[in-house]
Structures are given as C-alpha cells and as structure tokens.
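Enquirer: Could you have a look at this structure, given as structure tokens, before my questions?
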Amino acid sequence: MEQKKSSLFDVINMQIFTAPAIALIAFICWGVFAPANFTSVSNLLLNGACKYFTWFMAPVVTGMFVFCMWAAFSKYGSIRLGGVDAKPRMSTIKWFSIALTAGTGAGLCFYGAYSPVQVLNNMPPFENPTTLTESISLAFQWTYLQWTIHPYSIYTACGIVIAFLYYNGKRRYRVSEMFFGVAGEKVEGTFGNIVDSIAVYLIVIGVAVTMGFSTLQTSRGLDVIFGVPSNAMTWFFVLGGFTIFYAAAAVSGIDKAITFISSANMYLYYWIAIWAFVFLDPLNIMGLVFTSAGAYISNFVRLSLELEPIVQSGWIAANPIFIYCWWALFAPVMGMFLIKLAYGRTIREFVLVNLIAPVIFSFFWFTWLGGGAIFIDVFRNGTIYKTIAAVGADTALYTLCDYLPLPSVMKIVSFLIVILSFVTLGQALAVAIASMTARDYEDIDGLTKPPSVLVVFWAMIMMGVTYILLATGGMAALQASAVVWGFPILIAMCFMMYGHVKCMLNLKEYDKTGDYHYLNDDPALLYRRTREAIK
C-alpha cells in the first residue's frame, strides 16, 4: 500500500528533502553551464582523496568483513529481525535474486569479462610475475579483491546495522538512525536531519555512477546489435526510457513484476555464465576457479592491505579503492533496500544471503567469464583486450559473445541482462530514496510504498546527475565521483559499526521487541523457538 497525505507538503519531509534537492539541481546546472570547471574541480578533489586518504580506506573495508563475520557468527547472529514471531515474506532464492541483481547486477555485467583481462594486461607495477601462470593468477586475485569479500562486506555491514535498529530497535526508516548507538536521541533532531540530507545527496551521486556504467553498456549493446551509435544523444534517450519505465514500475505497485524480473534476470546470469564455461574450456576454467580462489584466500591479508607505499603508481587508488568508494556510496541506500527483503530473517541469514552467497557466485562469474576471455586471448589468438582498448570497457561482454556459439543470441541475452539489472536497480533505489525523504514514513514488514510524487522526483534527479557525469567526462568522471564522495561514507561507517557493537552489548536497552533474552537460553529451547518462528 502507498502512504496517502492531503497535499504535496504533507508527504515531503522538507527538513531532509530541501538541501539535497537544491544541491543536486545545482550540481546538474554546474555540469550543464560550466562543464570545464566541473571536470577540473572533480579531478582536483579526486587527486587529493587518492593522495592523502588511500591508507585509511583499505583497512576500514577489511575491518567491515571482520565486523560482518562477528555479527553473523557470534551469539548475536541468532537475533531475528522483527522479533522471534516475525515471519519471512519471500523465499530465500527470491531474496538472493533480488538482492544480487538490484545491488550489484550492473557491476557484474560491466566488469565480469572485463576486469580479469584488464588486470592481466595492466598488471600492478608493484607485482613482478615471472611466468604466464603467475600473471593469470594475480589477475584473478586482484579481481576477486575488488569484486568478492570486500565490496559485499560494505553493503552487508550497513544492512546489519539498519536492520536491527529498524526492526528490533523500532527506530525510523532513516540513514541517520545508523548512528543511534553512538548519538542516541540526537538522531531525531537537527543532527539527524543534517545526516539524512547529506546521505541523500551522496546516495544520488552513487546511484548516478552505477547508472552511468549501465547506460554505457546498454548504449554499446544498441551499437553492437542494432547499429545505433553510442554517443551523448543515445545516452540521453537510454536514460530517459529507463527512468520512465522504472519510475512507472515503482509507483504502480507491481512488486510481483519486479520480483519476476529479478528472478528471470538471475536465470539469464546462470545461462550466460554456464554457456561461457561449457563452450570455452570447461576443465581448465574449473581448475582456474579453485586455483585462483585458493591463491586469493592464501594472500588475503597481503592483498587487502597492499597500498604500494614505495612504487606509488596510483594503481591501488584507480582500482580497489575506486571500487570500495563506489560501493560505499551505495551502502546506506542499499542497506535500507536490503532490509526490506529481510524481515523475519536472522542476522546470520542476512549475512549468508547478502555476503557469503554473492561472494561464491562472484567467484564463478568472474572466473568463467573473465577466464574465458583470457583463454581466448592467450591461447586462441583472440582480440578481446584489443577491442576493449580500442572501443571501451563497455564492449567486453559483447565481444566475448563473438567467441561463443550462437553469438547473436548471446549478445541479445547479454543485452537483456544489462536492461533488467538497470530496471531493478532504478526501481529499488528510487523507492528507497523517496522513503527517506517522506514525512512520517513507516514500513513494518517492507510492503509500504512511499508517495509517488517523491519516487518520480528522485528518478528524474538520478537521471539528470547521471547524464551530467557521462556528458562531462564519461567513465573517468564516474570513477572520480565515486572516490571523492565515497570516502566520507567510509568514515561514517566506522561510527556506525561501533554503534552496533554497543547495541549488541546492551540489548536490554536497544532491543524493543523484548526477545533479546533468548540469546542466553538453552540451545535446544532456542532451536525450538526458531523453528516455531519460521513456521
């Protein structure tokens, strides 16, 4: 159901809405009327962030993984979101499908075939492989670092904190509530409004970065399949078409349709990954999965904390740090979206579905697609990387399809994956941002929709910011924005995690469901209560 109010000003929380709305409109105008100045300032901020704060970002993100493991596998992982009587409203498979395709689908599409072959041909200057085997292993280790444990830990850490405070702490549906464990009731006053306003601004920038990549890949698909050139005009029409579609989906209440789209998209992911695996080199690619994953796990600490202090080539800042900041920009809004799917689940289940399962999927996705691209280039005289270097990263997935059976069909499947991921992402985030800026918004079990006028407004703003970033600098502008604006969120997340630990150590004070006492019960009794809650 949708919340209904008597007038426009009744549905909008002006204290949260006004500042980011004005700032983002100014952002769009700046890019339109002074593009050169916009680009130079962005680059200046990017260089400063990379030069002075890289040392901070990598250890913090690694710490988020430790935090998630503690939250899931300590006794507090048994806490059920909503209380012991709360019942899940969707199957685990559907939950995983929506969470994966909405949260990371665009990135998986863009980087799946691109990242491993790109790292292989642009090896970090501080690495010194002496054989082809070592080079390929390192290419996958650095790909895994950027696309498995670390980034998913960012989303999951945010989601854990928000989910507990919202469902069990009975707090508001606001980003500022993440700091309740630290700031207490101050989050309901001016402090909280400021935090929420800043969060909305940063979240829209993050949304624009991901939508930018999806727009580039969609436009490239139109070029490859239909001969429509990928340029600024095409980007505009692609963005406009998607915005109209996902905004209409969000306000019309077709949740079942979105669930169907997410599930269908998941099957298409399976199809293209398995197709590449089977028809390229299945035995060697399967061996590559386990060999590369083993090497990554063995070198996990070194890779996680590598900051190249001697070489200082900028490779770390341009690759893993960019990815971390990009995901951090999304973390608050994705955390709020993910909790809508998690009602009735335990914290442990939340981590398993939003961190462990996607990591396992990503190991196979990047190795099957990226490994296939590498094998084609190295052993079959392929030209995948040459095409990427000449045309752009957005062509990687489509170029890989040229080396598969039924290339035209596989290009269409790839194109559909990009489109469906774009739609799921836009619909989910437009609803989440609208919910944050709505007055007196409550959503006990994840079924209540925010006012339609807010959904449409933020959909249009996301479109405008995305187009400005693309038109003023393309992929480079997207990367610069992610690093510059993601850094403050990583700082904020340190306080957020501290607040969650405080809440867990003082459950009697923070858990308003009254069910915290069961954590000290006999394990057999806890098991029976959990079974009853699931039923």
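Ordering of the structure tokens sets the chain letters (A, B, ...); residue numbers start at 1 within each chain; ligands are numbered from 1 in the order shown.
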At most 10 Å is the cut-off: for each residue in region 299-412 of chain A with any atom that close to an atom of region 273-290 of chain A, write down the nearest atom pair and the distance in Å rounded to one decimal, counting only C-alpha atoms, chain first then increasing number, as a Markdown table.
Expert:
```
| residue | atom | partner | partner_atom | distance |
| --- | --- | --- | --- | --- |
| A:Phe363 | CA | A:Val289 | CA | 7.0 |
| A:Phe364 | CA | A:Val289 | CA | 6.6 |
| A:Trp365 | CA | A:Ala273 | CA | 6.2 |
| A:Phe366 | CA | A:Ala273 | CA | 8.9 |
| A:Thr367 | CA | A:Val289 | CA | 5.8 |
| A:Trp368 | CA | A:Phe277 | CA | 5.4 |
| A:Leu369 | CA | A:Ala276 | CA | 6.3 |
| A:Gly370 | CA | A:Ile285 | CA | 9.6 |
| A:Gly371 | CA | A:Ile285 | CA | 6.3 |
| A:Gly372 | CA | A:Leu280 | CA | 6.1 |
| A:Ala373 | CA | A:Leu280 | CA | 9.0 |
| A:Phe375 | CA | A:Asp281 | CA | 7.9 |
| A:Ile376 | CA | A:Leu280 | CA | 7.9 |
| A:Leu400 | CA | A:Ala276 | CA | 8.6 |
| A:Cys401 | CA | A:Ala276 | CA | 8.3 |
| A:Tyr403 | CA | A:Leu280 | CA | 8.2 |
| A:Leu404 | CA | A:Phe279 | CA | 6.6 |
| A:Pro405 | CA | A:Phe279 | CA | 7.3 |
| A:Met410 | CA | A:Trp275 | CA | 8.8 |
```
Enquirer: Those selected residues, please, written with N, CA and C atoms and delivered as a compact mmCIF listing (two decimals), in the first residue's frame.
Expert:
```txt
# COMPACT_ATOMS: atom_id res chain seq x y z
N PHE A 363 32.82 -15.53 -7.46
CA PHE A 363 33.99 -16.33 -7.78
C PHE A 363 33.78 -17.03 -9.12
N PHE A 364 32.64 -17.66 -9.30
CA PHE A 364 32.36 -18.38 -10.54
C PHE A 364 32.11 -17.42 -11.70
N TRP A 365 31.35 -16.37 -11.47
CA TRP A 365 31.01 -15.42 -12.53
C TRP A 365 32.27 -14.81 -13.15
N PHE A 366 33.15 -14.27 -12.32
CA PHE A 366 34.33 -13.60 -12.84
C PHE A 366 35.34 -14.58 -13.43
N THR A 367 35.40 -15.78 -12.86
CA THR A 367 36.37 -16.75 -13.39
C THR A 367 35.87 -17.35 -14.69
N TRP A 368 34.58 -17.67 -14.78
CA TRP A 368 34.06 -18.26 -16.00
C TRP A 368 34.09 -17.26 -17.16
N LEU A 369 33.63 -16.03 -16.92
CA LEU A 369 33.64 -15.04 -18.00
C LEU A 369 35.03 -14.47 -18.23
N GLY A 370 35.66 -14.01 -17.16
CA GLY A 370 37.00 -13.43 -17.30
C GLY A 370 38.03 -14.47 -17.69
N GLY A 371 37.91 -15.68 -17.13
CA GLY A 371 38.84 -16.75 -17.52
C GLY A 371 38.67 -17.11 -18.97
N GLY A 372 37.41 -17.14 -19.42
CA GLY A 372 37.17 -17.41 -20.83
C GLY A 372 37.80 -16.36 -21.72
N ALA A 373 37.67 -15.09 -21.33
CA ALA A 373 38.27 -14.00 -22.12
C ALA A 373 39.79 -14.13 -22.17
N PHE A 375 41.61 -16.95 -21.73
CA PHE A 375 41.98 -18.12 -22.52
C PHE A 375 41.86 -17.83 -24.01
N ILE A 376 40.83 -17.10 -24.40
CA ILE A 376 40.64 -16.76 -25.82
C ILE A 376 41.81 -15.92 -26.32
N LEU A 400 33.10 -10.83 -25.92
CA LEU A 400 33.24 -12.23 -25.51
C LEU A 400 32.23 -13.11 -26.24
N CYS A 401 31.04 -12.59 -26.47
CA CYS A 401 29.99 -13.37 -27.14
C CYS A 401 30.38 -13.76 -28.56
N TYR A 403 32.96 -15.10 -29.49
CA TYR A 403 33.73 -16.35 -29.44
C TYR A 403 32.91 -17.51 -28.89
N LEU A 404 31.61 -17.30 -28.69
CA LEU A 404 30.72 -18.34 -28.19
C LEU A 404 29.81 -18.83 -29.31
N PRO A 405 29.27 -20.04 -29.19
CA PRO A 405 28.26 -20.49 -30.16
C PRO A 405 27.04 -19.57 -30.10
N MET A 410 23.57 -14.77 -27.92
CA MET A 410 24.22 -14.46 -26.64
C MET A 410 24.38 -12.96 -26.43
```
Enquirer: If we count only C-alpha atoms, what is near Thr148 (chain A) at a cut-off of 8 Å, once residues fewer than 3 positions away on the same chain are taken out, given as a list in words?
Expert: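 Near Thr148 (chain A), the qualifying residues are Tyr144, Leu145, Pro151, Tyr152, Pro358, Val359, Ile360, Ser362 and Phe363 of chain A.
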Enquirer: Using only C-alpha atoms, which residues of region 25-46 of chain A come within 8 Å of region 453-466 of chain A, and what is the closest atom pair for each, with the distance in Å to one decimal? Give it as a tab-separated table, sorted by chain and residue number.
Expert:
```
residue	atom	partner	partner_atom	distance
A:Ile25	CA	A:Ile461	CA	7.5
A:Phe27	CA	A:Val465	CA	7.3
A:Ile28	CA	A:Val465	CA	5.8
```
Enquirer: Let's have the selection written as a short mmCIF file (atom, residue, chain, number, x, y, z; two decimals), in the first residue's frame, with C-alpha atoms.
Expert:
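File result-v9.cif, as written:
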```cif
data_model
loop_
_atom_site.label_atom_id
_atom_site.label_comp_id
_atom_site.auth_asym_id
_atom_site.auth_seq_id
_atom_site.Cartn_x
_atom_site.Cartn_y
_atom_site.Cartn_z
CA ILE A 25 19.82 20.58 -9.04
CA PHE A 27 25.10 20.04 -9.43
CA ILE A 28 23.24 19.41 -12.68
#
```
Enquirer: Go ahead and compute the interatomic distance for CA of Phe330 (chain A) and CA of Val175 (chain A), in Å to one decimal.
Expert: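 We find that CA of Phe330 (chain A) and CA of Val175 (chain A) lie 11.8 Å from each other.
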Enquirer: In Å, with one decimal, what is the gap from CA of Cys325 (chain A) to CA of Met57 (chain A)?
Expert: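 CA of Met57 (chain A) lies at a distance of 8.2 Å from CA of Cys325 (chain A).
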Enquirer: Pick from A:Gly192, A:Gly77, A:Gly184, A:Gly473: nearest to Ala36 (chain A), with only C-alpha atoms counted?
Expert: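 Checking each candidate against Ala36 (chain A), we get A:Gly473 as the closest.
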